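J.: Before anything else, here's the structure in question.
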Amino acid sequence: MSWLLIVLVVVSSLQVALSQEYIPVVDIGSLLSIPNDDSFCVSAHDVVQSIHHACTTSGFFYIKNHGVPDELLNQLTDLSTRFFNLPLAEKKSIDMKLGGKAWRGFFAVGEEVTSGIPDQKEGIYFGTELDDDSDPRPLHGKNLWIDGPLGIEMKEAVLSYLSHVKRLGQLLMRTITCRFTLTADEKHVFLQQFENPTELFRIFNYPPHNTIFPNNSFGVGEHTDYGYLTILRQDNSGGLQVKSLHDANQWIDAPPVEGTFVINLGDALEHATDGIYRATPHRVLQRNNATRDRLSMPYFFDPSFDAEMRKITVSLDDEEDDASRRLSVAENVARRWDGSDPRQFKGTYGNYLLRKVSRAFPELFATVVDKPTTTATTSTQEEL
């Protein structure tokens, strides 16, 4: 074995070890059988502690033994691959422009923007399935399905998947709130906003890098997610990186781990915990040497659209320094990729969400969605 190969193997091993140390794997199998009653937090103590540690140190963790059937995951992967292999004209038959205010449908490579730079991915947007478009609120309505047998199969698989991950999101939020200093009644009220959550589900396809895109482009550039929790299913291609909360110059690989979902915290959870739990920046690398596409399925689990965003207190252990975790507005703005502080927002989750998604498709947003009525509390917040 050559010295170069030995060095590469050692470096690769160190990277894997660093990833596993920074982004832990949490076994949540025991949660699936714990009754949802006042004894839940006591029975779930070990898992609660593991998730709390991840939330306060990295903002990312894997979960295994999550209860979502492998058969469904494999079916959804196969159907998605078949869809993205279709000619562009067929995929455009469910173009997002046809989805109107519901914000559903297909977008082509380069049509979604992060930090002003087009992403090298295509995808489909889904949400909670409604029978018609009578709900006047943005991001509510019917999903778009391609015609023919493929569309019928995709509808069945996607809606089944949404049902499973919705329950998973509710379980994770119930677990996370065990560390919130709320009375039983207050906890019940807090969790009510997730009984009918805002569900946004994306299936993304990242083709190999195309030289028509600039050298500083990414599969998707540095960003944080806007909601409470992201539940991510990724294939085995790799490319996801997480920015260290302790070293702004360090990016840590989040490689695929068989049988897991990747969970990360969003800006709204950072807002709710007043910065004790922080949303972690992440990105997907440019796929320069790739020979096949990368498939990624993020599901965003968030409060009901009309819920008022409010703050709660997180119970910290004795060794956890509360003061050191809370950044000033200036410090938070300086560290964040977008120069904003999500803790400053006041209003409903729906208005907050519209400010966020408008940045991904600014032209589409301007044509199909009325501007939010709630004003932000600072000029920085206008950038949300």
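Letters for chains follow the order of the structure tokens (A, B, ...), residue numbers begin at 1 for each chain, and ligand numbers begin at 1 in the order shown.
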Per DSSP on the backbone, what are the strand (DSSP E) residues of range 65-169 of chain A, as a ChimeraX atom specification?
T.: /A:105-107,113-114,117-118,122-127
J.: Of the candidates A:Trp103, A:Ile276, A:Leu191, A:Thr291, which one gets nearest to His209 in chain A if we count only C-alpha atoms?
T.: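 Of A:Trp103, A:Ile276, A:Leu191, A:Thr291, the one nearest His209 in chain A is A:Thr291, counting only C-alpha atoms.
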J.: Please report, as a VMD selection string, each residue of range 19-194 of chain A to which DSSP assigns alpha helix (DSSP H) when run on this structure's backbone.
T.: chain A and resid 19 to 22 40 to 43 45 to 57 70 to 84 88 to 91 149 to 176 184 to 192
J.: So that I can check the surroundings of Leu139 in chain A, please list as a list in words every protein, DNA and RNA residue that reaches within 8 Å of it, counting only C-alpha atoms and ignoring chain neighbours fewer than 4 positions away.
T.: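 Returned residues: Lys101, Ala102, Trp103, Arg104 and Gly127 of chain A.
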J.: Next, write the just-selected residues to a file, as a PDB file, in the first residue's frame, keeping all heavy atoms as the atom set.
T.:
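For reference, again-v2.pdb as written:
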```pdb
ATOM      1  N   LYS A 101     -50.699  29.720  -5.004  1.00  0.00           N
ATOM      2  CA  LYS A 101     -50.360  30.024  -3.615  1.00  0.00           C
ATOM      3  C   LYS A 101     -50.030  28.791  -2.792  1.00  0.00           C
ATOM      4  O   LYS A 101     -49.434  28.905  -1.728  1.00  0.00           O
ATOM      5  CB  LYS A 101     -51.521  30.775  -2.945  1.00  0.00           C
ATOM      6  CG  LYS A 101     -51.703  32.203  -3.422  1.00  0.00           C
ATOM      7  CD  LYS A 101     -52.769  32.916  -2.598  1.00  0.00           C
ATOM      8  CE  LYS A 101     -52.894  34.368  -3.016  1.00  0.00           C
ATOM      9  NZ  LYS A 101     -53.874  35.092  -2.184  1.00  0.00           N
ATOM     10  N   ALA A 102     -50.424  27.636  -3.266  1.00  0.00           N
ATOM     11  CA  ALA A 102     -50.124  26.418  -2.511  1.00  0.00           C
ATOM     12  C   ALA A 102     -48.624  26.117  -2.507  1.00  0.00           C
ATOM     13  O   ALA A 102     -48.152  25.364  -1.660  1.00  0.00           O
ATOM     14  CB  ALA A 102     -50.889  25.228  -3.082  1.00  0.00           C
ATOM     15  N   TRP A 103     -47.891  26.689  -3.475  1.00  0.00           N
ATOM     16  CA  TRP A 103     -46.431  26.547  -3.507  1.00  0.00           C
ATOM     17  C   TRP A 103     -46.045  25.080  -3.654  1.00  0.00           C
ATOM     18  O   TRP A 103     -45.189  24.562  -2.972  1.00  0.00           O
ATOM     19  CB  TRP A 103     -45.830  27.127  -2.226  1.00  0.00           C
ATOM     20  CG  TRP A 103     -44.443  27.691  -2.357  1.00  0.00           C
ATOM     21  CD1 TRP A 103     -43.278  27.015  -2.136  1.00  0.00           C
ATOM     22  CD2 TRP A 103     -44.074  29.011  -2.715  1.00  0.00           C
ATOM     23  NE1 TRP A 103     -42.212  27.854  -2.331  1.00  0.00           N
ATOM     24  CE2 TRP A 103     -42.659  29.081  -2.676  1.00  0.00           C
ATOM     25  CE3 TRP A 103     -44.799  30.154  -3.059  1.00  0.00           C
ATOM     26  CZ2 TRP A 103     -41.959  30.250  -2.973  1.00  0.00           C
ATOM     27  CZ3 TRP A 103     -44.106  31.311  -3.353  1.00  0.00           C
ATOM     28  CH2 TRP A 103     -42.714  31.357  -3.307  1.00  0.00           C
ATOM     29  N   ARG A 104     -46.683  24.390  -4.587  1.00  0.00           N
ATOM     30  CA  ARG A 104     -46.430  22.970  -4.816  1.00  0.00           C
ATOM     31  C   ARG A 104     -45.962  22.760  -6.250  1.00  0.00           C
ATOM     32  O   ARG A 104     -46.253  23.565  -7.135  1.00  0.00           O
ATOM     33  CB  ARG A 104     -47.703  22.140  -4.580  1.00  0.00           C
ATOM     34  CG  ARG A 104     -48.451  22.460  -3.280  1.00  0.00           C
ATOM     35  CD  ARG A 104     -47.751  21.917  -2.060  1.00  0.00           C
ATOM     36  NE  ARG A 104     -48.312  22.405  -0.819  1.00  0.00           N
ATOM     37  CZ  ARG A 104     -49.383  21.917  -0.203  1.00  0.00           C
ATOM     38  NH1 ARG A 104     -50.039  20.912  -0.749  1.00  0.00           N
ATOM     39  NH2 ARG A 104     -49.793  22.424   0.938  1.00  0.00           N
ATOM     40  N   GLY A 127     -46.938  19.278   0.303  1.00  0.00           N
ATOM     41  CA  GLY A 127     -47.390  19.706   1.621  1.00  0.00           C
ATOM     42  C   GLY A 127     -48.598  18.896   2.026  1.00  0.00           C
ATOM     43  O   GLY A 127     -48.981  17.921   1.360  1.00  0.00           O
TER      44      GLY A 127
END
```
J.: Kindly provide the residues of range 167-243 of chain A that approach range 247-253 of chain A to within 6 Å, each paired with its closest atom pair and their distance in Å to one decimal, based on only C-alpha atoms, listed by chain and increasing number, as CSV.
T.:
```
residue,atom,partner,partner_atom,distance
A:Gln241,CA,A:Asp253,CA,4.4
A:Val242,CA,A:Ile252,CA,5.1
A:Lys243,CA,A:Trp251,CA,4.6
```
J.: Record the distance separating CA of Gly266 in chain A and CA of Gly59 in chain A, expressed in Å with one decimal.
T.: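 The value is 8.6 Å.
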J.: Which residues, written as number ranges by chain, have at least one atom at most 10 Å from His282 in chain A, with only C-alpha atoms counted and residues fewer than 3 positions away on the same chain left out?
T.: A: 60, 220-225, 240-244, 251-254, 264, 279, 285, 337
J.: With N, CA and C atoms kept, could you save the residues just selected as a PDB file, in the first residue's frame?
T.:
```
ATOM      1  N   PHE A  60     -27.465  19.084  15.242  1.00  0.00           N
ATOM      2  CA  PHE A  60     -27.682  17.990  14.292  1.00  0.00           C
ATOM      3  C   PHE A  60     -27.553  16.672  15.029  1.00  0.00           C
ATOM      4  N   VAL A 220     -26.409  23.063  -2.817  1.00  0.00           N
ATOM      5  CA  VAL A 220     -27.170  24.123  -2.153  1.00  0.00           C
ATOM      6  C   VAL A 220     -26.191  24.814  -1.213  1.00  0.00           C
ATOM      7  N   GLY A 221     -26.218  26.153  -1.217  1.00  0.00           N
ATOM      8  CA  GLY A 221     -25.251  26.924  -0.456  1.00  0.00           C
ATOM      9  C   GLY A 221     -25.543  26.945   1.034  1.00  0.00           C
ATOM     10  N   GLU A 222     -24.652  27.567   1.776  1.00  0.00           N
ATOM     11  CA  GLU A 222     -24.791  27.662   3.226  1.00  0.00           C
ATOM     12  C   GLU A 222     -26.137  28.296   3.593  1.00  0.00           C
ATOM     13  N   HIS A 223     -26.826  27.662   4.540  1.00  0.00           N
ATOM     14  CA  HIS A 223     -28.120  28.166   4.985  1.00  0.00           C
ATOM     15  C   HIS A 223     -28.498  27.485   6.291  1.00  0.00           C
ATOM     16  N   THR A 224     -29.505  28.021   6.937  1.00  0.00           N
ATOM     17  CA  THR A 224     -30.174  27.327   8.034  1.00  0.00           C
ATOM     18  C   THR A 224     -31.619  27.096   7.621  1.00  0.00           C
ATOM     19  N   ASP A 225     -32.232  26.064   8.174  1.00  0.00           N
ATOM     20  CA  ASP A 225     -33.643  25.814   7.875  1.00  0.00           C
ATOM     21  C   ASP A 225     -34.507  26.733   8.723  1.00  0.00           C
ATOM     22  N   LEU A 240     -23.409  16.251   2.189  1.00  0.00           N
ATOM     23  CA  LEU A 240     -23.958  17.151   3.202  1.00  0.00           C
ATOM     24  C   LEU A 240     -22.868  17.512   4.210  1.00  0.00           C
ATOM     25  N   GLN A 241     -22.735  18.800   4.500  1.00  0.00           N
ATOM     26  CA  GLN A 241     -21.779  19.273   5.495  1.00  0.00           C
ATOM     27  C   GLN A 241     -22.459  20.202   6.496  1.00  0.00           C
ATOM     28  N   VAL A 242     -21.983  20.134   7.736  1.00  0.00           N
ATOM     29  CA  VAL A 242     -22.526  20.909   8.846  1.00  0.00           C
ATOM     30  C   VAL A 242     -21.442  21.849   9.349  1.00  0.00           C
ATOM     31  N   LYS A 243     -21.789  23.098   9.589  1.00  0.00           N
ATOM     32  CA  LYS A 243     -20.827  24.070  10.094  1.00  0.00           C
ATOM     33  C   LYS A 243     -20.729  23.957  11.610  1.00  0.00           C
ATOM     34  N   SER A 244     -19.512  23.879  12.107  1.00  0.00           N
ATOM     35  CA  SER A 244     -19.318  23.776  13.550  1.00  0.00           C
ATOM     36  C   SER A 244     -19.827  25.031  14.252  1.00  0.00           C
ATOM     37  N   TRP A 251     -16.027  22.864   8.628  1.00  0.00           N
ATOM     38  CA  TRP A 251     -17.192  22.170   8.098  1.00  0.00           C
ATOM     39  C   TRP A 251     -17.010  20.676   8.345  1.00  0.00           C
ATOM     40  N   ILE A 252     -18.055  20.047   8.860  1.00  0.00           N
ATOM     41  CA  ILE A 252     -17.997  18.641   9.254  1.00  0.00           C
ATOM     42  C   ILE A 252     -18.944  17.839   8.366  1.00  0.00           C
ATOM     43  N   ASP A 253     -18.449  16.762   7.780  1.00  0.00           N
ATOM     44  CA  ASP A 253     -19.279  15.909   6.936  1.00  0.00           C
ATOM     45  C   ASP A 253     -20.396  15.265   7.759  1.00  0.00           C
ATOM     46  N   ALA A 254     -21.567  15.164   7.151  1.00  0.00           N
ATOM     47  CA  ALA A 254     -22.683  14.411   7.732  1.00  0.00           C
ATOM     48  C   ALA A 254     -22.983  13.257   6.783  1.00  0.00           C
ATOM     49  N   ASN A 264     -32.155  18.064  12.070  1.00  0.00           N
ATOM     50  CA  ASN A 264     -31.505  19.319  12.424  1.00  0.00           C
ATOM     51  C   ASN A 264     -32.528  20.353  12.875  1.00  0.00           C
ATOM     52  N   ALA A 279     -30.011  27.013  15.420  1.00  0.00           N
ATOM     53  CA  ALA A 279     -30.073  26.452  14.068  1.00  0.00           C
ATOM     54  C   ALA A 279     -28.659  26.419  13.499  1.00  0.00           C
ATOM     55  N   LEU A 285     -22.214  20.065  -1.030  1.00  0.00           N
ATOM     56  CA  LEU A 285     -21.069  20.395  -1.859  1.00  0.00           C
ATOM     57  C   LEU A 285     -21.378  20.272  -3.348  1.00  0.00           C
ATOM     58  N   TRP A 337     -25.136  33.272   8.533  1.00  0.00           N
ATOM     59  CA  TRP A 337     -24.904  33.358   7.099  1.00  0.00           C
ATOM     60  C   TRP A 337     -25.714  34.482   6.447  1.00  0.00           C
TER      61      TRP A 337
END
```
J.: Calculate how many Å separate CA of Asp306 in chain A from CA of Tyr277 in chain A, rounding to one decimal.
T.: 22.9 Å
J.: Within 9 Å of Leu130 in chain A, counting only C-alpha atoms, which residues show up once you throw out same-chain ones fewer than 4 positions away? Write them as a list in words, please.
T.: Ser134, Asp135, His140, Gly141, Lys142 and Asn143 of chain A
J.: Write out as a ChimeraX atom specification which residues come within 12 Å of Pro69 in chain A when counting only C-alpha atoms, dropping same-chain ones fewer than 3 positions away.
T.: /A:64-66,72-76,157,160-161,163-165,259-260
J.: CA of Thr57 in chain A and CA of Gly227 in chain A are how many Å apart?
T.: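 Between these atoms lies a distance of 18.7 Å.
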J.: Taking only C-alpha atoms into account, which of A:Tyr125, A:Phe261, A:Phe61, A:Phe40 comes nearest Gly99 in chain A?
T.: A:Tyr125
